[in-house]
file final27.tsv (TSV, C-alpha atoms)
chain	number	residue	atom	x	y	z
Z	1349	MET	CA	-38.25	-7.55	-87.86
Z	1350	THR	CA	-35.13	-5.60	-88.77
Z	1351	PHE	CA	-34.81	-7.45	-92.08
Z	1352	ALA	CA	-38.42	-6.70	-93.00
Z	1353	ALA	CA	-37.84	-3.05	-92.10
Z	1354	ALA	CA	-34.69	-3.02	-94.26
Z	1355	VAL	CA	-36.57	-4.42	-97.26
Z	1356	THR	CA	-39.23	-1.71	-96.86
Z	1357	ALA	CA	-36.74	1.14	-96.42
Z	1358	ALA	CA	-34.56	-0.10	-99.32
Z	1359	ARG	CA	-37.32	0.81	-101.77
Z	1360	ARG	CA	-36.46	4.47	-101.12
Z	1361	ALA	CA	-32.97	4.02	-102.55
Z	1362	PRO	CA	-33.37	2.71	-106.08
Z	1363	GLY	CA	-30.32	2.58	-108.27
Z	1364	ILE	CA	-27.71	2.03	-105.57
Z	1365	SER	CA	-26.00	-1.28	-105.06
Z	1366	ARG	CA	-27.14	-3.51	-102.19
Z	1367	PRO	CA	-29.76	-1.14	-100.77
Z	1368	ARG	CA	-31.16	-3.81	-98.46
Z	1369	LEU	CA	-27.80	-4.40	-96.83
Z	1370	LEU	CA	-27.33	-0.64	-96.43
Z	1371	SER	CA	-30.76	-0.25	-94.83
Z	1372	PHE	CA	-30.23	-3.29	-92.65
Z	1373	CYS	CA	-26.92	-1.95	-91.30
Z	1374	ALA	CA	-28.46	1.46	-90.56
Z	1375	ILE	CA	-31.59	0.12	-88.88
Z	1376	ALA	CA	-29.69	-2.56	-86.96
Z	1377	ALA	CA	-27.19	0.03	-85.71
Z	1378	GLY	CA	-29.88	2.48	-84.59
Z	1379	GLY	CA	-32.30	-0.03	-83.13
Z	1380	GLY	CA	-29.61	-2.25	-81.68
Z	1381	ILE	CA	-27.80	0.51	-79.80
Z	1382	ALA	CA	-31.03	1.98	-78.42
Z	1383	ILE	CA	-32.36	-1.40	-77.25
Z	1384	ALA	CA	-28.96	-2.35	-75.79
Z	1385	VAL	CA	-28.88	0.87	-73.73
Z	1386	MET	CA	-32.43	0.27	-72.54
Z	1387	LEU	CA	-31.53	-3.27	-71.50
Z	1388	ALA	CA	-28.34	-2.10	-69.77
Z	1389	SER	CA	-30.14	0.65	-67.83
Z	1390	GLY	CA	-32.88	-1.74	-66.75
Z	1391	THR	CA	-35.65	0.14	-68.58
Z	1392	LEU	CA	-36.41	-3.03	-70.53
Z	1393	THR	CA	-36.20	-6.59	-69.35
Z	1394	SER	CA	-35.16	-9.41	-71.62
Z	1395	ASP	CA	-38.67	-10.87	-71.45
Z	1396	LEU	CA	-40.08	-11.16	-74.95
Z	1397	ILE	CA	-43.43	-9.76	-73.80
Z	1398	VAL	CA	-41.70	-6.43	-73.13
Z	1399	LEU	CA	-38.89	-6.59	-75.67
Z	1400	VAL	CA	-40.96	-7.30	-78.78
Z	1401	PRO	CA	-43.49	-4.42	-78.61
Z	1402	VAL	CA	-41.01	-1.78	-77.45
Z	1403	GLY	CA	-38.35	-3.07	-79.88
Z	1404	SER	CA	-40.82	-2.93	-82.74
Z	1405	MET	CA	-41.59	0.72	-82.01
Z	1406	ILE	CA	-37.90	1.61	-82.03
Z	1407	ILE	CA	-37.12	-0.42	-85.17
Z	1408	ALA	CA	-40.14	0.99	-87.02
Z	1409	ASN	CA	-39.04	4.55	-86.29
Z	1410	ALA	CA	-35.45	3.74	-87.26
Z	1411	MET	CA	-36.83	2.40	-90.54
Z	1412	ASN	CA	-38.72	5.64	-91.18
Z	1413	ALA	CA	-35.64	7.71	-90.38
Z	1414	CYS	CA	-33.49	5.54	-92.65
Z	1415	ALA	CA	-35.95	5.85	-95.54
Z	1416	GLN	CA	-36.28	9.62	-95.07
Z	1417	ALA	CA	-32.52	10.14	-94.94
Z	1418	MET	CA	-31.89	8.01	-98.03
Z	1419	GLU	CA	-34.65	9.65	-100.03
Z	1420	ARG	CA	-33.54	13.16	-99.06
Z	1421	PHE	CA	-29.86	12.51	-99.77
Z	1422	ARG	CA	-30.61	10.92	-103.14
Z	1423	ALA	CA	-32.96	13.74	-104.16
Z	1424	ASP	CA	-30.51	16.45	-103.08
Z	1425	VAL	CA	-27.57	14.85	-104.90
Z	1426	LEU	CA	-29.61	14.35	-108.07
Z	1427	ALA	CA	-30.75	17.97	-107.92
Z	1428	HIS	CA	-27.20	19.28	-107.53
Z	1429	VAL	CA	-25.17	17.08	-109.86
Z	1430	GLY	CA	-23.70	20.11	-111.62
Z	1431	GLN	CA	-22.49	21.74	-108.42
Z	1432	ILE	CA	-21.02	18.50	-107.10
Z	1433	GLU	CA	-19.16	17.82	-110.34
Z	1434	ALA	CA	-17.93	21.40	-110.44
Z	1435	GLY	CA	-16.52	20.93	-106.95
Z	1436	LEU	CA	-14.92	17.63	-107.90
Z	1437	SER	CA	-13.38	19.13	-111.04
Z	1438	LEU	CA	-11.83	21.86	-108.91
Z	1439	GLY	CA	-10.19	19.21	-106.76
Z	1440	ALA	CA	-12.56	19.13	-103.81
Z	1441	ASP	CA	-12.85	16.06	-101.67
Z	1442	PRO	CA	-16.00	14.01	-102.52
Z	1443	ALA	CA	-17.13	14.14	-98.89
Z	1444	THR	CA	-16.83	17.93	-98.93
Z	1445	THR	CA	-18.89	18.32	-102.09
Z	1446	VAL	CA	-21.86	16.44	-100.62
Z	1447	ALA	CA	-21.48	17.69	-97.03
Z	1448	PRO	CA	-24.51	20.05	-97.22
Z	1449	TYR	CA	-26.69	17.21	-98.48
Z	1450	VAL	CA	-25.50	14.90	-95.70
Z	1451	GLN	CA	-26.50	17.59	-93.20
Z	1452	SER	CA	-29.94	18.12	-94.71
Z	1453	ALA	CA	-30.60	14.36	-94.93
Z	1454	VAL	CA	-29.69	13.71	-91.29
Z	1455	TYR	CA	-31.65	16.76	-90.15
Z	1456	ALA	CA	-34.68	15.69	-92.19
Z	1457	SER	CA	-34.60	12.26	-90.56
Z	1458	LEU	CA	-34.42	13.78	-87.06
Z	1459	LEU	CA	-36.99	16.54	-87.43
Z	1460	PRO	CA	-40.24	14.52	-87.03
Z	1461	ARG	CA	-38.89	12.84	-83.87
Z	1462	LEU	CA	-37.80	16.17	-82.38
Z	1463	ASP	CA	-41.29	17.56	-82.96
Z	1464	MET	CA	-42.80	14.40	-81.50
Z	1465	LEU	CA	-40.69	14.83	-78.36
Z	1466	LYS	CA	-41.65	18.51	-78.06
Z	1467	SER	CA	-45.37	17.83	-78.25
Z	1468	LEU	CA	-45.25	14.88	-75.86
Z	1469	GLY	CA	-47.80	14.97	-73.08
Z	1470	PHE	CA	-49.63	18.18	-73.88
Z	1471	VAL	CA	-50.55	17.47	-77.48
Z	1472	TRP	CA	-50.77	13.70	-77.30
Z	1473	ILE	CA	-50.58	11.04	-74.62
Z	1474	PRO	CA	-48.92	8.11	-76.33
Z	1475	GLY	CA	-50.22	4.57	-76.29
Z	1476	VAL	CA	-47.70	3.07	-73.88
Z	1477	MET	CA	-48.51	5.58	-71.16
Z	1478	ALA	CA	-52.24	5.20	-71.71
Z	1479	GLY	CA	-51.92	1.41	-71.51
Z	1480	MET	CA	-49.81	1.54	-68.35
Z	1481	VAL	CA	-52.22	3.94	-66.63
Z	1482	VAL	CA	-55.21	1.81	-67.57
Z	1483	SER	CA	-53.45	-1.30	-66.24
Z	1484	GLY	CA	-52.92	0.43	-62.89
Z	1485	ALA	CA	-49.28	1.59	-63.01
Z	1486	SER	CA	-48.19	4.87	-61.42
Z	1487	PRO	CA	-49.05	7.64	-63.93
Z	1488	VAL	CA	-45.83	9.50	-63.13
Z	1489	TYR	CA	-43.70	6.42	-63.81
Z	1490	ALA	CA	-45.78	5.72	-66.94
Z	1491	GLY	CA	-45.03	9.24	-68.15
Z	1492	ILE	CA	-41.31	8.87	-67.47
Z	1493	PHE	CA	-41.27	5.45	-69.19
Z	1494	GLN	CA	-42.98	6.95	-72.24
Z	1495	PHE	CA	-40.43	9.78	-72.28
Z	1496	ILE	CA	-37.61	7.21	-72.22
Z	1497	ILE	CA	-39.12	5.35	-75.18
Z	1498	VAL	CA	-39.52	8.53	-77.24
Z	1499	ALA	CA	-35.97	9.63	-76.35
Z	1500	MET	CA	-34.70	6.22	-77.46
Z	1501	ILE	CA	-36.71	6.52	-80.69
Z	1502	LEU	CA	-34.96	9.85	-81.29
Z	1503	SER	CA	-31.55	8.26	-80.65
Z	1504	ALA	CA	-32.28	5.25	-82.86
Z	1505	SER	CA	-33.56	7.52	-85.63
Z	1506	GLY	CA	-30.49	9.74	-85.41
Z	1507	ILE	CA	-28.11	6.81	-85.61
Z	1508	ALA	CA	-30.07	5.12	-88.42
Z	1509	GLY	CA	-30.29	8.34	-90.43
Z	1510	LEU	CA	-26.63	9.11	-89.98
Z	1511	VAL	CA	-25.41	5.60	-90.83
Z	1512	ALA	CA	-27.72	5.36	-93.87
Z	1513	THR	CA	-26.55	8.73	-95.19
Z	1514	LEU	CA	-22.87	7.96	-94.67
Z	1515	LEU	CA	-23.20	4.56	-96.35
Z	1516	MET	CA	-25.02	6.17	-99.27
Z	1517	ARG	CA	-22.33	8.84	-99.50
Z	1518	ALA	CA	-19.73	6.09	-99.74
Z	1519	GLN	CA	-21.67	4.55	-102.62
Z	1520	ALA	CA	-22.26	7.84	-104.41
Z	1521	PHE	CA	-18.70	8.05	-105.69
Z	1522	SER	CA	-16.48	5.62	-107.57
Z	1523	SER	CA	-12.95	4.80	-106.45
Z	1524	ALA	CA	-11.77	7.50	-108.87
Z	1525	ALA	CA	-13.98	10.08	-107.06
Z	1526	GLN	CA	-16.54	10.22	-109.88
Z	1527	LEU	CA	-20.16	10.84	-109.03
Z	1528	LYS	CA	-22.17	7.68	-109.73
Z	1529	PHE	CA	-25.63	9.11	-109.03
Z	1530	ARG	CA	-27.07	10.52	-112.24
Z	1531	PRO	CA	-30.52	11.74	-113.14
Z	1532	GLY	CA	-32.11	8.87	-115.04
Z	1533	ILE	CA	-29.50	6.38	-113.84
Z	1534	ALA	CA	-29.84	6.33	-110.06
Z	1535	GLY	CA	-33.40	5.09	-110.25
Z	1536	ALA	CA	-34.60	8.59	-110.96
Z	1537	ASP	CA	-38.00	9.28	-112.44
Z	1538	VAL	CA	-38.44	9.95	-116.14
Z	1539	HIS	CA	-38.92	13.69	-115.62
Z	1540	GLU	CA	-35.49	13.88	-113.99
Z	1541	LYS	CA	-33.67	12.87	-117.18
Z	1542	PRO	CA	-31.21	15.50	-118.40
Z	1543	VAL	CA	-32.38	17.93	-121.04
Z	1544	LEU	CA	-29.43	16.92	-123.24
Z	1545	ALA	CA	-31.02	13.48	-123.75
Z	1546	HIS	CA	-34.03	15.10	-125.41
Z	1547	HIS	CA	-31.78	17.04	-127.79
Z	1548	ASN	CA	-30.09	13.82	-128.87
Z	1549	VAL	CA	-33.46	12.27	-129.70
E	375	MET	CA	-50.35	17.13	-50.23
E	376	SER	CA	-49.46	13.73	-48.81
E	377	GLU	CA	-51.03	12.13	-51.89
E	378	LEU	CA	-48.82	14.23	-54.14
E	379	LEU	CA	-45.73	13.31	-52.13
E	380	SER	CA	-46.59	9.61	-52.18
E	381	ILE	CA	-46.31	9.47	-56.00
E	382	TRP	CA	-42.56	10.17	-55.76
E	383	ASN	CA	-41.79	6.60	-54.73
E	384	HIS	CA	-38.64	4.60	-55.47
E	385	GLN	CA	-40.05	3.47	-58.83
E	386	VAL	CA	-40.27	7.07	-59.99
E	387	ILE	CA	-36.75	7.81	-58.75
E	388	LEU	CA	-35.53	4.75	-60.68
E	389	GLY	CA	-37.43	6.01	-63.73
E	390	ILE	CA	-35.66	9.37	-63.50
E	391	ALA	CA	-32.28	7.58	-63.41
E	392	GLN	CA	-33.28	5.53	-66.47
E	393	ALA	CA	-34.42	8.71	-68.22
E	394	ALA	CA	-30.97	10.17	-67.52
E	395	ALA	CA	-29.42	7.21	-69.37
E	396	ALA	CA	-31.77	7.80	-72.31
E	397	VAL	CA	-30.88	11.50	-72.37
E	398	ALA	CA	-27.17	10.59	-72.29
E	399	LEU	CA	-27.59	8.44	-75.40
E	400	CYS	CA	-29.51	11.26	-77.12
E	401	LEU	CA	-26.71	13.69	-76.33
E	402	ALA	CA	-24.13	11.19	-77.63
E	403	VAL	CA	-26.05	11.00	-80.91
E	404	VAL	CA	-26.23	14.78	-81.07
E	405	PHE	CA	-22.46	15.05	-80.62
E	406	MET	CA	-22.00	12.39	-83.30
E	407	CYS	CA	-24.18	14.47	-85.62
E	408	ARG	CA	-22.14	17.53	-84.74
E	409	ARG	CA	-19.06	15.85	-86.19
E	410	PHE	CA	-20.84	15.97	-89.55
E	411	ALA	CA	-21.88	19.60	-89.07
E	412	VAL	CA	-25.49	18.72	-88.26
E	413	HIS	CA	-26.23	21.21	-85.51
E	414	VAL	CA	-29.27	20.05	-83.55
E	415	GLU	CA	-27.83	20.58	-80.05
E	416	ARG	CA	-30.11	23.41	-79.01
E	417	GLU	CA	-33.24	21.91	-80.54
E	418	THR	CA	-32.58	18.49	-79.01
E	419	ALA	CA	-31.89	19.91	-75.55
E	420	LEU	CA	-35.09	21.97	-75.76
E	421	SER	CA	-37.13	18.99	-76.98
E	422	LEU	CA	-35.77	16.70	-74.26
E	423	ALA	CA	-36.44	19.25	-71.53
E	424	ARG	CA	-39.93	20.01	-72.79
E	425	GLY	CA	-40.78	16.34	-73.29
E	426	PHE	CA	-39.64	15.35	-69.81
E	427	VAL	CA	-41.35	18.24	-68.02
E	428	GLN	CA	-44.58	17.76	-69.95
E	429	MET	CA	-44.72	14.02	-69.35
E	430	VAL	CA	-44.05	14.41	-65.61
E	431	ALA	CA	-46.65	17.19	-65.44
E	432	VAL	CA	-49.24	15.05	-67.19
E	433	GLY	CA	-48.31	12.10	-64.95
E	434	VAL	CA	-48.74	14.18	-61.78
E	435	LEU	CA	-52.03	15.57	-63.10
E	436	LEU	CA	-53.32	12.09	-63.91
E	437	ALA	CA	-52.15	10.78	-60.53
E	438	ALA	CA	-53.99	13.57	-58.75
E	439	LEU	CA	-57.10	12.96	-60.83
E	440	LEU	CA	-57.08	9.18	-60.57
E	441	HIS	CA	-56.16	8.87	-56.89
E	442	GLY	CA	-58.14	11.81	-55.59
E	443	SER	CA	-61.83	12.43	-55.47
E	444	LEU	CA	-63.35	14.40	-58.31
E	445	ARG	CA	-66.05	15.72	-55.99
E	446	PRO	CA	-65.36	19.30	-54.89
E	447	PRO	CA	-65.05	19.99	-51.14
E	448	TYR	CA	-68.41	21.81	-51.10
E	449	ALA	CA	-70.15	18.74	-52.55
E	450	PHE	CA	-72.11	18.28	-49.34
E	451	TRP	CA	-74.37	21.10	-50.55
E	452	TRP	CA	-76.10	18.78	-52.97
E	453	ALA	CA	-75.27	15.46	-51.30
call {"tool": "encode", "arguments": {"input": "final27.tsv", "output": "structure tokens"}}
result
Amino acid sequence: MTFAAAVTAARRAPGISRPRLLSFCAIAAGGGIAIAVMLASGTLTSDLIVLVPVGSMIIANAMNACAQAMERFRADVLAHVGQIEAGLSLGADPATTVAPYVQSAVYASLLPRLDMLKSLGFVWIPGVMAGMVVSGASPVYAGIFQFIIVAMILSASGIAGLVATLLMRAQAFSSAAQLKFRPGIAGADVHEKPVLAHHNV
Amino acid sequence: MSELLSIWNHQVILGIAQAAAAVALCLAVVFMCRRFAVHVERETALSLARGFVQMVAVGVLLAALLHGSLRPPYAFWWA
């Protein structure tokens, strides 16, 4: 499941080396930690009938967060190549030059889950709670269980987004602190090619 | 009233303890994000509080609706 999610999310990071491994690490870290905490706290049992559906929800959301973070970071870096290189030429640390884009990528990956958590209950009653109530469980416990799942989705998404962005940041620079992402090189679209290329033609 | 009190059984108390563990992990992630200058502390705390209160409120409402009678007390008028 995690591997399939990694293959899907890796399509959002064209032009970087080993995108599937990067996505796999991010999704496995996010989903793995969240599921491990749920198992340790007794929220989930190790029965496959419980583990597979709940695990799939968490992994799917970690995949979305990973893809959003990678896409946002890549787009921001490609849009600010000049500023990043100016910072590098002035002697700035590579991590410092892309720090604002790391922040925006992680925030972008968290935002949909924060809104989902805010609107829980009043705007939408999620499927797990509805299913538990229909099957005769206590509605209050069903509500709390659904809250736990959404909170874990938020945690998994945060971890996946953060790990994906940090791994992409590590790949964005060479060992000599040169920016490797370039418009037209890092899998960018044709319209993102530098204007200078048109002058040469 | 007794119906409302009966929904706070040991399963619900256990659920609240499990929710506390989930919130602890969320806060750990938020502090990890803070190390990279991603400040979502306030928004996350607000979202967690709102989500929990809303879900418990909806649960209590559903419990009252599903376990109680939907007929109003003056239903004998047309019974």
call {"tool": "interface_residues", "arguments": {"input": "final27.tsv", "of": "chain E", "to": "chain Z", "cutoff": "8 Å", "atoms": "only C-alpha atoms", "output": "PyMOL selection string"}}
result
chain E and resi 381+385-386+389-390+392-393+395-397+399-400+403-404+407+410-412+414+417-418+420-422+424-426+428-430+432-434+436-437
call {"tool": "atom_distance", "arguments": {"input": "final27.tsv", "atom1": "atom CA of Ala423 of chain E", "atom2": "atom CA of Ala398 of chain E"}}
result
12.7 Å
call {"tool": "atom_distance", "arguments": {"input": "final27.tsv", "atom1": "atom CA of Leu1527 of chain Z", "atom2": "atom CA of Ile1432 of chain Z"}}
result
7.9 Å
call {"tool": "residues_near_point", "arguments": {"input": "final27.tsv", "point": "(-24.6, -0.9, -105.4)", "cutoff": "12 Å", "atoms": "only C-alpha atoms", "output": "list in words"}}
result
Ala1358, Ala1361, Pro1362, Gly1363, Ile1364, Ser1365, Arg1366, Pro1367, Arg1368, Leu1369, Leu1370, Leu1515, Met1516, Arg1517, Ala1518, Gln1519, Ala1520, Phe1521, Ser1522, Lys1528, Phe1529, Ala1534 and Gly1535 of chain Z
call {"tool": "residues_around", "arguments": {"input": "final27.tsv", "residues": "Val1429 of chain Z", "least_positions_apart": "3", "cutoff": "9 Å", "atoms": "all atoms listed in the file", "output": "PyMOL selection string"}}
result
chain Z and resi 1424-1426+1432-1434+1527+1529-1531
call {"tool": "build_atoms", "arguments": {"input": "final27.tsv", "residues": "segment 413-427 of chain E", "atoms": "N, CA, C and O atoms", "output": "PDB file, keeping the file's coordinate frame"}}
result
ATOM      1  N   HIS E 413     -26.129  20.542 -86.811  1.00  0.00           N
ATOM      2  CA  HIS E 413     -26.230  21.210 -85.510  1.00  0.00           C
ATOM      3  C   HIS E 413     -27.671  21.169 -85.001  1.00  0.00           C
ATOM      4  O   HIS E 413     -28.514  21.967 -85.401  1.00  0.00           O
ATOM      5  N   VAL E 414     -27.925  20.186 -84.149  1.00  0.00           N
ATOM      6  CA  VAL E 414     -29.270  20.050 -83.550  1.00  0.00           C
ATOM      7  C   VAL E 414     -29.163  20.075 -82.024  1.00  0.00           C
ATOM      8  O   VAL E 414     -30.071  19.611 -81.342  1.00  0.00           O
ATOM      9  N   GLU E 415     -28.062  20.615 -81.512  1.00  0.00           N
ATOM     10  CA  GLU E 415     -27.830  20.580 -80.050  1.00  0.00           C
ATOM     11  C   GLU E 415     -28.928  21.309 -79.297  1.00  0.00           C
ATOM     12  O   GLU E 415     -29.552  20.762 -78.377  1.00  0.00           O
ATOM     13  N   ARG E 416     -29.160  22.554 -79.714  1.00  0.00           N
ATOM     14  CA  ARG E 416     -30.110  23.410 -79.010  1.00  0.00           C
ATOM     15  C   ARG E 416     -31.528  22.841 -79.102  1.00  0.00           C
ATOM     16  O   ARG E 416     -32.244  22.774 -78.104  1.00  0.00           O
ATOM     17  N   GLU E 417     -31.885  22.425 -80.313  1.00  0.00           N
ATOM     18  CA  GLU E 417     -33.240  21.910 -80.540  1.00  0.00           C
ATOM     19  C   GLU E 417     -33.470  20.604 -79.765  1.00  0.00           C
ATOM     20  O   GLU E 417     -34.544  20.393 -79.201  1.00  0.00           O
ATOM     21  N   THR E 418     -32.431  19.758 -79.733  1.00  0.00           N
ATOM     22  CA  THR E 418     -32.580  18.490 -79.010  1.00  0.00           C
ATOM     23  C   THR E 418     -32.691  18.737 -77.517  1.00  0.00           C
ATOM     24  O   THR E 418     -33.537  18.122 -76.840  1.00  0.00           O
ATOM     25  N   ALA E 419     -31.846  19.619 -76.991  1.00  0.00           N
ATOM     26  CA  ALA E 419     -31.890  19.910 -75.550  1.00  0.00           C
ATOM     27  C   ALA E 419     -33.257  20.472 -75.165  1.00  0.00           C
ATOM     28  O   ALA E 419     -33.861  20.065 -74.154  1.00  0.00           O
ATOM     29  N   LEU E 420     -33.769  21.371 -76.018  1.00  0.00           N
ATOM     30  CA  LEU E 420     -35.090  21.970 -75.760  1.00  0.00           C
ATOM     31  C   LEU E 420     -36.188  20.908 -75.822  1.00  0.00           C
ATOM     32  O   LEU E 420     -37.074  20.852 -74.947  1.00  0.00           O
ATOM     33  N   SER E 421     -36.106  20.045 -76.830  1.00  0.00           N
ATOM     34  CA  SER E 421     -37.130  18.990 -76.980  1.00  0.00           C
ATOM     35  C   SER E 421     -37.094  18.026 -75.809  1.00  0.00           C
ATOM     36  O   SER E 421     -38.151  17.629 -75.292  1.00  0.00           O
ATOM     37  N   LEU E 422     -35.894  17.638 -75.382  1.00  0.00           N
ATOM     38  CA  LEU E 422     -35.770  16.700 -74.260  1.00  0.00           C
ATOM     39  C   LEU E 422     -36.328  17.321 -72.983  1.00  0.00           C
ATOM     40  O   LEU E 422     -37.078  16.672 -72.237  1.00  0.00           O
ATOM     41  N   ALA E 423     -35.970  18.579 -72.743  1.00  0.00           N
ATOM     42  CA  ALA E 423     -36.440  19.250 -71.530  1.00  0.00           C
ATOM     43  C   ALA E 423     -37.961  19.386 -71.542  1.00  0.00           C
ATOM     44  O   ALA E 423     -38.640  19.068 -70.562  1.00  0.00           O
ATOM     45  N   ARG E 424     -38.483  19.832 -72.681  1.00  0.00           N
ATOM     46  CA  ARG E 424     -39.930  20.010 -72.790  1.00  0.00           C
ATOM     47  C   ARG E 424     -40.667  18.685 -72.656  1.00  0.00           C
ATOM     48  O   ARG E 424     -41.670  18.580 -71.943  1.00  0.00           O
ATOM     49  N   GLY E 425     -40.146  17.659 -73.347  1.00  0.00           N
ATOM     50  CA  GLY E 425     -40.780  16.340 -73.290  1.00  0.00           C
ATOM     51  C   GLY E 425     -40.823  15.793 -71.884  1.00  0.00           C
ATOM     52  O   GLY E 425     -41.866  15.315 -71.424  1.00  0.00           O
ATOM     53  N   PHE E 426     -39.704  15.908 -71.163  1.00  0.00           N
ATOM     54  CA  PHE E 426     -39.640  15.350 -69.810  1.00  0.00           C
ATOM     55  C   PHE E 426     -40.586  16.113 -68.872  1.00  0.00           C
ATOM     56  O   PHE E 426     -41.374  15.499 -68.138  1.00  0.00           O
ATOM     57  N   VAL E 427     -40.510  17.430 -68.925  1.00  0.00           N
ATOM     58  CA  VAL E 427     -41.350  18.240 -68.020  1.00  0.00           C
ATOM     59  C   VAL E 427     -42.832  17.992 -68.311  1.00  0.00           C
ATOM     60  O   VAL E 427     -43.650  17.821 -67.389  1.00  0.00           O
TER      61      VAL E 427
END
